[in-house]
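A short worksheet on the structure shown next.
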Amino acid sequence: MSETEPTKSGIFHDTPQDLVGFMTNEEWDDLLSDVNALVQEMDDLPYPQVKEKVFELLAGVDAIHREALRRLVRLFKEGVLEAVVTDPAIHTLMELYDLLPPEENKTEDQTANKKFAQELASFMHPESETQSDKTKFPHWVPALKHGDELIGGSIKECEVDDQNILICRVDDTFFAVNSACSQDGSSLAGAQLNKFTLTCPHHGGCYYDIRTGTRIAGKGQIECFSVKLDEGGRLLVGVDMEFKPQLPAF
């Protein structure tokens, strides 16, 4: 078996294939270069309305690709993503959508393609240029298969997009907060919930309002997330989106 052939499991070896899909890796590099030139040309368009429409179209196509790829990656078995991203085309696509495995050792070709991925992402989301670190893309992530898994007055820690989120239920209303105490990052999985007040299991006198994430009578705050139930009853948590507290009006 050559290094470029797949194993019985369908996973390719570390050596990138000479021919992938309908073009060679060299042709792929040329395509990236051509698209990058078009991106720069489009960014200099003198017609604001045309430019806005182009951005709007690309953002819509981007959202379609992002959602589909996230669902696809979630179906991968352990180790599959790390194997397939050795291909330069797949690597660029996954980097464009922030789906690369953590702590990955990049090859020279992959490092060269990173600039293209960053520039294209910046072009499709120009408003993100003022943000530090990586671009945020609002999306909903399932946390509970059904909201009724959680009874009123109880909490449950769930992993949502590689972070621990604490789901809280008060009567028929759900809340989601970051499961890390603002004092030292300790897990809030063992916290007690009394109506809207969450009592930290590690620090005496440390309480949080789950509606706002505010620490009661103290400094510090935990992040809050939007939640909703879909038509099937699943509880979804909103990630990388603006959170608006739902407080009673007096």
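By order in the structure tokens, chains are A, B, ...; within a chain, residues start at 1; ligands start at 1, following the order shown.
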> So which residues touch segment 99-101 of chain A within 10 Å, counting only C-alpha atoms, skipping near sequence neighbours fewer than 5 positions away, as a PyMOL selection string?
Replying inline: chain A and resi 66+69-70+73+79+81-83+85+90-94
>> So that I can check the surroundings of Asp230 of chain A, please list as a list in words every protein, DNA and RNA residue that reaches within 12 Å of it, counting only C-alpha atoms and ignoring chain neighbours fewer than 4 positions away.
In response: Trp140, Val141, Pro142, Ala143, Leu144, Lys145, His146, Gly147, Arg234, Leu235, Leu236 and Val237 of chain A
Mind writing the picked residues with C-alpha atoms as an mmCIF file, in the first residue's frame?
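Saved to again.cif:
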data_model
loop_
_atom_site.group_PDB
_atom_site.id
_atom_site.type_symbol
_atom_site.label_atom_id
_atom_site.label_comp_id
_atom_site.auth_asym_id
_atom_site.auth_seq_id
_atom_site.Cartn_x
_atom_site.Cartn_y
_atom_site.Cartn_z
ATOM 1 C CA TRP A 140 -27.123 27.112 18.665
ATOM 2 C CA VAL A 141 -25.741 23.930 20.218
ATOM 3 C CA PRO A 142 -27.851 21.104 21.736
ATOM 4 C CA ALA A 143 -27.227 20.719 25.477
ATOM 5 C CA LEU A 144 -30.049 18.397 26.585
ATOM 6 C CA LYS A 145 -31.904 15.850 24.455
ATOM 7 C CA HIS A 146 -35.092 17.040 26.136
ATOM 8 C CA GLY A 147 -35.745 19.885 28.528
ATOM 9 C CA ARG A 234 -34.286 19.745 22.838
ATOM 10 C CA LEU A 235 -32.636 22.426 24.937
ATOM 11 C CA LEU A 236 -30.258 24.546 22.849
ATOM 12 C CA VAL A 237 -27.589 26.928 24.120
#
Write down as a PDB file with N, CA and C atoms, in the first residue's frame the residues of segment 21-245 of chain A whose backbone DSSP state falls under alpha helix (DSSP H).
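Saved file out.pdb follows:
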ATOM      1  N   ASN A  25      -2.556  19.102  -5.771  1.00  0.00           N
ATOM      2  CA  ASN A  25      -2.278  20.053  -4.697  1.00  0.00           C
ATOM      3  C   ASN A  25      -1.682  21.348  -5.251  1.00  0.00           C
ATOM      4  N   GLU A  26      -0.909  21.250  -6.330  1.00  0.00           N
ATOM      5  CA  GLU A  26      -0.357  22.455  -6.947  1.00  0.00           C
ATOM      6  C   GLU A  26      -1.477  23.317  -7.548  1.00  0.00           C
ATOM      7  N   GLU A  27      -2.433  22.656  -8.188  1.00  0.00           N
ATOM      8  CA  GLU A  27      -3.573  23.389  -8.754  1.00  0.00           C
ATOM      9  C   GLU A  27      -4.406  24.020  -7.649  1.00  0.00           C
ATOM     10  N   TRP A  28      -4.485  23.332  -6.504  1.00  0.00           N
ATOM     11  CA  TRP A  28      -5.207  23.872  -5.354  1.00  0.00           C
ATOM     12  C   TRP A  28      -4.538  25.153  -4.863  1.00  0.00           C
ATOM     13  N   ASP A  29      -3.215  25.150  -4.779  1.00  0.00           N
ATOM     14  CA  ASP A  29      -2.480  26.344  -4.351  1.00  0.00           C
ATOM     15  C   ASP A  29      -2.717  27.502  -5.321  1.00  0.00           C
ATOM     16  N   ASP A  30      -2.759  27.184  -6.620  1.00  0.00           N
ATOM     17  CA  ASP A  30      -3.023  28.225  -7.618  1.00  0.00           C
ATOM     18  C   ASP A  30      -4.420  28.802  -7.443  1.00  0.00           C
ATOM     19  N   LEU A  31      -5.367  27.941  -7.139  1.00  0.00           N
ATOM     20  CA  LEU A  31      -6.745  28.398  -6.927  1.00  0.00           C
ATOM     21  C   LEU A  31      -6.818  29.351  -5.741  1.00  0.00           C
ATOM     22  N   LEU A  32      -6.143  29.010  -4.654  1.00  0.00           N
ATOM     23  CA  LEU A  32      -6.125  29.886  -3.487  1.00  0.00           C
ATOM     24  C   LEU A  32      -5.545  31.248  -3.836  1.00  0.00           C
ATOM     25  N   SER A  33      -4.487  31.236  -4.622  1.00  0.00           N
ATOM     26  CA  SER A  33      -3.862  32.483  -5.020  1.00  0.00           C
ATOM     27  C   SER A  33      -4.799  33.335  -5.859  1.00  0.00           C
ATOM     28  N   ASP A  34      -5.512  32.702  -6.796  1.00  0.00           N
ATOM     29  CA  ASP A  34      -6.455  33.428  -7.652  1.00  0.00           C
ATOM     30  C   ASP A  34      -7.609  34.017  -6.838  1.00  0.00           C
ATOM     31  N   VAL A  35      -8.151  33.199  -5.922  1.00  0.00           N
ATOM     32  CA  VAL A  35      -9.271  33.675  -5.107  1.00  0.00           C
ATOM     33  C   VAL A  35      -8.822  34.806  -4.197  1.00  0.00           C
ATOM     34  N   ASN A  36      -7.614  34.693  -3.658  1.00  0.00           N
ATOM     35  CA  ASN A  36      -7.091  35.745  -2.796  1.00  0.00           C
ATOM     36  C   ASN A  36      -6.981  37.061  -3.558  1.00  0.00           C
ATOM     37  N   ALA A  37      -6.552  36.997  -4.823  1.00  0.00           N
ATOM     38  CA  ALA A  37      -6.457  38.199  -5.645  1.00  0.00           C
ATOM     39  C   ALA A  37      -7.834  38.806  -5.882  1.00  0.00           C
ATOM     40  N   LEU A  38      -8.840  37.953  -6.112  1.00  0.00           N
ATOM     41  CA  LEU A  38     -10.211  38.434  -6.308  1.00  0.00           C
ATOM     42  C   LEU A  38     -10.757  39.074  -5.037  1.00  0.00           C
ATOM     43  N   VAL A  39     -10.403  38.496  -3.887  1.00  0.00           N
ATOM     44  CA  VAL A  39     -10.828  39.066  -2.609  1.00  0.00           C
ATOM     45  C   VAL A  39     -10.293  40.491  -2.467  1.00  0.00           C
ATOM     46  N   GLN A  40      -9.023  40.656  -2.763  1.00  0.00           N
ATOM     47  CA  GLN A  40      -8.422  41.981  -2.661  1.00  0.00           C
ATOM     48  C   GLN A  40      -9.079  42.961  -3.637  1.00  0.00           C
ATOM     49  N   GLU A  41      -9.376  42.492  -4.839  1.00  0.00           N
ATOM     50  CA  GLU A  41     -10.015  43.342  -5.846  1.00  0.00           C
ATOM     51  C   GLU A  41     -11.428  43.737  -5.409  1.00  0.00           C
ATOM     52  N   MET A  42     -12.168  42.772  -4.861  1.00  0.00           N
ATOM     53  CA  MET A  42     -13.535  43.047  -4.413  1.00  0.00           C
ATOM     54  C   MET A  42     -13.551  44.023  -3.243  1.00  0.00           C
ATOM     55  N   ASP A  43     -12.557  43.914  -2.396  1.00  0.00           N
ATOM     56  CA  ASP A  43     -12.495  44.787  -1.224  1.00  0.00           C
ATOM     57  C   ASP A  43     -12.273  46.250  -1.613  1.00  0.00           C
ATOM     58  N   PRO A  48     -20.414  51.160  -2.973  1.00  0.00           N
ATOM     59  CA  PRO A  48     -20.778  50.667  -1.634  1.00  0.00           C
ATOM     60  C   PRO A  48     -21.953  49.686  -1.644  1.00  0.00           C
ATOM     61  N   GLN A  49     -23.007  49.982  -2.422  1.00  0.00           N
ATOM     62  CA  GLN A  49     -24.187  49.119  -2.419  1.00  0.00           C
ATOM     63  C   GLN A  49     -23.862  47.738  -2.984  1.00  0.00           C
ATOM     64  N   VAL A  50     -23.068  47.714  -4.048  1.00  0.00           N
ATOM     65  CA  VAL A  50     -22.664  46.428  -4.623  1.00  0.00           C
ATOM     66  C   VAL A  50     -21.827  45.644  -3.618  1.00  0.00           C
ATOM     67  N   LYS A  51     -20.916  46.344  -2.975  1.00  0.00           N
ATOM     68  CA  LYS A  51     -20.041  45.706  -1.993  1.00  0.00           C
ATOM     69  C   LYS A  51     -20.855  45.115  -0.844  1.00  0.00           C
ATOM     70  N   GLU A  52     -21.846  45.855  -0.351  1.00  0.00           N
ATOM     71  CA  GLU A  52     -22.689  45.366   0.738  1.00  0.00           C
ATOM     72  C   GLU A  52     -23.457  44.118   0.322  1.00  0.00           C
ATOM     73  N   LYS A  53     -23.972  44.106  -0.908  1.00  0.00           N
ATOM     74  CA  LYS A  53     -24.712  42.946  -1.393  1.00  0.00           C
ATOM     75  C   LYS A  53     -23.795  41.726  -1.516  1.00  0.00           C
ATOM     76  N   VAL A  54     -22.572  41.970  -1.967  1.00  0.00           N
ATOM     77  CA  VAL A  54     -21.615  40.871  -2.069  1.00  0.00           C
ATOM     78  C   VAL A  54     -21.319  40.299  -0.683  1.00  0.00           C
ATOM     79  N   PHE A  55     -21.095  41.195   0.284  1.00  0.00           N
ATOM     80  CA  PHE A  55     -20.849  40.743   1.650  1.00  0.00           C
ATOM     81  C   PHE A  55     -22.034  39.934   2.186  1.00  0.00           C
ATOM     82  N   GLU A  56     -23.242  40.427   1.907  1.00  0.00           N
ATOM     83  CA  GLU A  56     -24.444  39.751   2.389  1.00  0.00           C
ATOM     84  C   GLU A  56     -24.572  38.356   1.780  1.00  0.00           C
ATOM     85  N   LEU A  57     -24.305  38.258   0.475  1.00  0.00           N
ATOM     86  CA  LEU A  57     -24.357  36.963  -0.198  1.00  0.00           C
ATOM     87  C   LEU A  57     -23.323  36.005   0.365  1.00  0.00           C
ATOM     88  N   LEU A  58     -22.087  36.478   0.510  1.00  0.00           N
ATOM     89  CA  LEU A  58     -21.028  35.620   1.029  1.00  0.00           C
ATOM     90  C   LEU A  58     -21.294  35.182   2.463  1.00  0.00           C
ATOM     91  N   ALA A  59     -21.874  36.079   3.258  1.00  0.00           N
ATOM     92  CA  ALA A  59     -22.194  35.724   4.647  1.00  0.00           C
ATOM     93  C   ALA A  59     -23.242  34.620   4.684  1.00  0.00           C
ATOM     94  N   GLY A  60     -24.203  34.669   3.752  1.00  0.00           N
ATOM     95  CA  GLY A  60     -25.215  33.618   3.703  1.00  0.00           C
ATOM     96  C   GLY A  60     -24.631  32.279   3.295  1.00  0.00           C
ATOM     97  N   VAL A  61     -23.783  32.298   2.261  1.00  0.00           N
ATOM     98  CA  VAL A  61     -23.116  31.061   1.827  1.00  0.00           C
ATOM     99  C   VAL A  61     -22.219  30.532   2.945  1.00  0.00           C
ATOM    100  N   ASP A  62     -21.538  31.444   3.619  1.00  0.00           N
ATOM    101  CA  ASP A  62     -20.662  31.071   4.730  1.00  0.00           C
ATOM    102  C   ASP A  62     -21.451  30.388   5.850  1.00  0.00           C
ATOM    103  N   ALA A  63     -22.631  30.919   6.167  1.00  0.00           N
ATOM    104  CA  ALA A  63     -23.457  30.337   7.235  1.00  0.00           C
ATOM    105  C   ALA A  63     -23.901  28.927   6.868  1.00  0.00           C
ATOM    106  N   ILE A  64     -24.236  28.712   5.594  1.00  0.00           N
ATOM    107  CA  ILE A  64     -24.642  27.380   5.135  1.00  0.00           C
ATOM    108  C   ILE A  64     -23.484  26.395   5.306  1.00  0.00           C
ATOM    109  N   HIS A  65     -22.309  26.793   4.831  1.00  0.00           N
ATOM    110  CA  HIS A  65     -21.139  25.924   4.931  1.00  0.00           C
ATOM    111  C   HIS A  65     -20.767  25.660   6.384  1.00  0.00           C
ATOM    112  N   ARG A  66     -20.801  26.703   7.208  1.00  0.00           N
ATOM    113  CA  ARG A  66     -20.394  26.575   8.603  1.00  0.00           C
ATOM    114  C   ARG A  66     -21.286  25.579   9.355  1.00  0.00           C
ATOM    115  N   GLU A  67     -22.591  25.699   9.183  1.00  0.00           N
ATOM    116  CA  GLU A  67     -23.512  24.802   9.880  1.00  0.00           C
ATOM    117  C   GLU A  67     -23.339  23.363   9.400  1.00  0.00           C
ATOM    118  N   ALA A  68     -23.231  23.171   8.080  1.00  0.00           N
ATOM    119  CA  ALA A  68     -23.084  21.824   7.536  1.00  0.00           C
ATOM    120  C   ALA A  68     -21.776  21.178   7.990  1.00  0.00           C
ATOM    121  N   LEU A  69     -20.686  21.946   7.978  1.00  0.00           N
ATOM    122  CA  LEU A  69     -19.398  21.394   8.382  1.00  0.00           C
ATOM    123  C   LEU A  69     -19.363  21.056   9.859  1.00  0.00           C
ATOM    124  N   ARG A  70     -19.980  21.893  10.689  1.00  0.00           N
ATOM    125  CA  ARG A  70     -20.021  21.599  12.123  1.00  0.00           C
ATOM    126  C   ARG A  70     -20.758  20.282  12.368  1.00  0.00           C
ATOM    127  N   ARG A  71     -21.872  20.088  11.672  1.00  0.00           N
ATOM    128  CA  ARG A  71     -22.626  18.837  11.836  1.00  0.00           C
ATOM    129  C   ARG A  71     -21.808  17.651  11.345  1.00  0.00           C
ATOM    130  N   LEU A  72     -21.107  17.845  10.235  1.00  0.00           N
ATOM    131  CA  LEU A  72     -20.296  16.765   9.681  1.00  0.00           C
ATOM    132  C   LEU A  72     -19.175  16.374  10.633  1.00  0.00           C
ATOM    133  N   VAL A  73     -18.464  17.353  11.171  1.00  0.00           N
ATOM    134  CA  VAL A  73     -17.342  17.072  12.068  1.00  0.00           C
ATOM    135  C   VAL A  73     -17.811  16.366  13.339  1.00  0.00           C
ATOM    136  N   ARG A  74     -19.008  16.705  13.805  1.00  0.00           N
ATOM    137  CA  ARG A  74     -19.534  16.069  15.016  1.00  0.00           C
ATOM    138  C   ARG A  74     -19.812  14.573  14.803  1.00  0.00           C
ATOM    139  N   VAL A  80     -10.411  10.837  13.361  1.00  0.00           N
ATOM    140  CA  VAL A  80     -10.669  10.999  11.929  1.00  0.00           C
ATOM    141  C   VAL A  80     -10.308  12.411  11.467  1.00  0.00           C
ATOM    142  N   LEU A  81     -10.732  13.436  12.237  1.00  0.00           N
ATOM    143  CA  LEU A  81     -10.453  14.810  11.837  1.00  0.00           C
ATOM    144  C   LEU A  81      -8.955  15.051  11.761  1.00  0.00           C
ATOM    145  N   GLU A  82      -8.203  14.559  12.753  1.00  0.00           N
ATOM    146  CA  GLU A  82      -6.752  14.748  12.767  1.00  0.00           C
ATOM    147  C   GLU A  82      -6.114  14.109  11.531  1.00  0.00           C
ATOM    148  N   ALA A  83      -6.725  13.034  11.037  1.00  0.00           N
ATOM    149  CA  ALA A  83      -6.164  12.352   9.869  1.00  0.00           C
ATOM    150  C   ALA A  83      -6.490  13.078   8.568  1.00  0.00           C
ATOM    151  N   VAL A  84      -7.738  13.492   8.416  1.00  0.00           N
ATOM    152  CA  VAL A  84      -8.143  14.068   7.128  1.00  0.00           C
ATOM    153  C   VAL A  84      -7.572  15.466   6.908  1.00  0.00           C
ATOM    154  N   PRO A  88      -4.079  19.250   2.241  1.00  0.00           N
ATOM    155  CA  PRO A  88      -4.040  20.711   2.264  1.00  0.00           C
ATOM    156  C   PRO A  88      -5.380  21.382   1.983  1.00  0.00           C
ATOM    157  N   ALA A  89      -6.191  20.820   1.090  1.00  0.00           N
ATOM    158  CA  ALA A  89      -7.484  21.437   0.774  1.00  0.00           C
ATOM    159  C   ALA A  89      -8.436  21.342   1.960  1.00  0.00           C
ATOM    160  N   ILE A  90      -8.493  20.161   2.579  1.00  0.00           N
ATOM    161  CA  ILE A  90      -9.370  19.982   3.736  1.00  0.00           C
ATOM    162  C   ILE A  90      -8.880  20.830   4.903  1.00  0.00           C
ATOM    163  N   HIS A  91      -7.555  20.909   5.045  1.00  0.00           N
ATOM    164  CA  HIS A  91      -6.978  21.704   6.133  1.00  0.00           C
ATOM    165  C   HIS A  91      -7.393  23.165   6.013  1.00  0.00           C
ATOM    166  N   THR A  92      -7.300  23.717   4.794  1.00  0.00           N
ATOM    167  CA  THR A  92      -7.679  25.114   4.589  1.00  0.00           C
ATOM    168  C   THR A  92      -9.147  25.337   4.905  1.00  0.00           C
ATOM    169  N   LEU A  93     -10.000  24.411   4.479  1.00  0.00           N
ATOM    170  CA  LEU A  93     -11.434  24.538   4.729  1.00  0.00           C
ATOM    171  C   LEU A  93     -11.731  24.513   6.225  1.00  0.00           C
ATOM    172  N   MET A  94     -11.126  23.587   6.955  1.00  0.00           N
ATOM    173  CA  MET A  94     -11.364  23.475   8.388  1.00  0.00           C
ATOM    174  C   MET A  94     -10.802  24.678   9.131  1.00  0.00           C
ATOM    175  N   GLU A  95      -9.679  25.209   8.658  1.00  0.00           N
ATOM    176  CA  GLU A  95      -9.111  26.392   9.304  1.00  0.00           C
ATOM    177  C   GLU A  95      -9.993  27.608   9.075  1.00  0.00           C
ATOM    178  N   LEU A  96     -10.580  27.691   7.882  1.00  0.00           N
ATOM    179  CA  LEU A  96     -11.471  28.797   7.556  1.00  0.00           C
ATOM    180  C   LEU A  96     -12.666  28.840   8.491  1.00  0.00           C
ATOM    181  N   GLU A 108       4.569  23.143   6.566  1.00  0.00           N
ATOM    182  CA  GLU A 108       4.866  24.426   5.922  1.00  0.00           C
ATOM    183  C   GLU A 108       3.736  24.843   4.995  1.00  0.00           C
ATOM    184  N   ASP A 109       3.179  23.882   4.234  1.00  0.00           N
ATOM    185  CA  ASP A 109       2.086  24.205   3.314  1.00  0.00           C
ATOM    186  C   ASP A 109       0.853  24.675   4.078  1.00  0.00           C
ATOM    187  N   GLN A 110       0.570  24.031   5.218  1.00  0.00           N
ATOM    188  CA  GLN A 110      -0.600  24.406   6.003  1.00  0.00           C
ATOM    189  C   GLN A 110      -0.422  25.794   6.584  1.00  0.00           C
ATOM    190  N   THR A 111       0.794  26.115   7.021  1.00  0.00           N
ATOM    191  CA  THR A 111       1.061  27.444   7.557  1.00  0.00           C
ATOM    192  C   THR A 111       0.900  28.507   6.480  1.00  0.00           C
ATOM    193  N   ALA A 112       1.319  28.186   5.272  1.00  0.00           N
ATOM    194  CA  ALA A 112       1.195  29.135   4.167  1.00  0.00           C
ATOM    195  C   ALA A 112      -0.269  29.399   3.833  1.00  0.00           C
ATOM    196  N   ASN A 113      -1.100  28.377   3.976  1.00  0.00           N
ATOM    197  CA  ASN A 113      -2.517  28.533   3.648  1.00  0.00           C
ATOM    198  C   ASN A 113      -3.285  29.270   4.736  1.00  0.00           C
ATOM    199  N   LYS A 114      -2.702  29.383   5.934  1.00  0.00           N
ATOM    200  CA  LYS A 114      -3.405  30.018   7.049  1.00  0.00           C
ATOM    201  C   LYS A 114      -3.728  31.474   6.746  1.00  0.00           C
ATOM    202  N   LYS A 115      -2.783  32.180   6.114  1.00  0.00           N
ATOM    203  CA  LYS A 115      -3.002  33.588   5.801  1.00  0.00           C
ATOM    204  C   LYS A 115      -4.188  33.753   4.879  1.00  0.00           C
ATOM    205  N   PHE A 116      -4.299  32.851   3.881  1.00  0.00           N
ATOM    206  CA  PHE A 116      -5.435  32.924   2.961  1.00  0.00           C
ATOM    207  C   PHE A 116      -6.749  32.729   3.719  1.00  0.00           C
ATOM    208  N   ALA A 117      -6.802  31.725   4.594  1.00  0.00           N
ATOM    209  CA  ALA A 117      -8.021  31.450   5.349  1.00  0.00           C
ATOM    210  C   ALA A 117      -8.421  32.645   6.202  1.00  0.00           C
ATOM    211  N   GLN A 118      -7.433  33.280   6.837  1.00  0.00           N
ATOM    212  CA  GLN A 118      -7.716  34.438   7.682  1.00  0.00           C
ATOM    213  C   GLN A 118      -8.218  35.612   6.853  1.00  0.00           C
ATOM    214  N   GLU A 119      -7.613  35.836   5.687  1.00  0.00           N
ATOM    215  CA  GLU A 119      -8.026  36.952   4.846  1.00  0.00           C
ATOM    216  C   GLU A 119      -9.433  36.748   4.286  1.00  0.00           C
ATOM    217  N   LEU A 120      -9.731  35.501   3.891  1.00  0.00           N
ATOM    218  CA  LEU A 120     -11.058  35.230   3.353  1.00  0.00           C
ATOM    219  C   LEU A 120     -12.120  35.364   4.437  1.00  0.00           C
ATOM    220  N   ALA A 121     -11.823  34.889   5.647  1.00  0.00           N
ATOM    221  CA  ALA A 121     -12.767  35.028   6.751  1.00  0.00           C
ATOM    222  C   ALA A 121     -12.996  36.487   7.078  1.00  0.00           C
ATOM    223  N   SER A 122     -11.921  37.296   7.035  1.00  0.00           N
ATOM    224  CA  SER A 122     -12.041  38.718   7.303  1.00  0.00           C
ATOM    225  C   SER A 122     -12.863  39.410   6.234  1.00  0.00           C
ATOM    226  N   PHE A 123     -12.731  38.957   4.986  1.00  0.00           N
ATOM    227  CA  PHE A 123     -13.482  39.558   3.882  1.00  0.00           C
ATOM    228  C   PHE A 123     -14.976  39.276   4.028  1.00  0.00           C
ATOM    229  N   MET A 124     -15.312  38.034   4.383  1.00  0.00           N
ATOM    230  CA  MET A 124     -16.721  37.673   4.505  1.00  0.00           C
ATOM    231  C   MET A 124     -17.358  38.261   5.757  1.00  0.00           C
TER     232      MET A 124
END
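In terms of minimum interatomic distance to His202 of chain A, A:Asp184 ranks closest within A:Glu242, A:Asp148, A:Glu223, A:Asp184, counting only C-alpha atoms.
Interatomic distance, atom CA of Pro245 of chain A to atom CA of Cys181 of chain A: 19.3 Å.
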>> Rounded to one decimal, what separation in Å do you get between atom CA of Arg169 of chain A and atom CA of Glu149 of chain A?
In response: 10.2 Å
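Shortest atom-to-atom contact with Ser186 of chain A among A:Arg211, A:Lys77, A:Gly218, A:Asn164: A:Asn164, counting only C-alpha atoms.
Ranking A:Leu166, A:Val160, A:Leu150, A:Ile216 by their shortest atom-to-atom distance to Asp240 of chain A, with only C-alpha atoms included, puts A:Val160 first.
Our summary of the geometry notes that atom CA of Ala176 of chain A is positioned 27.8 Å from atom CA of Glu78 of chain A.
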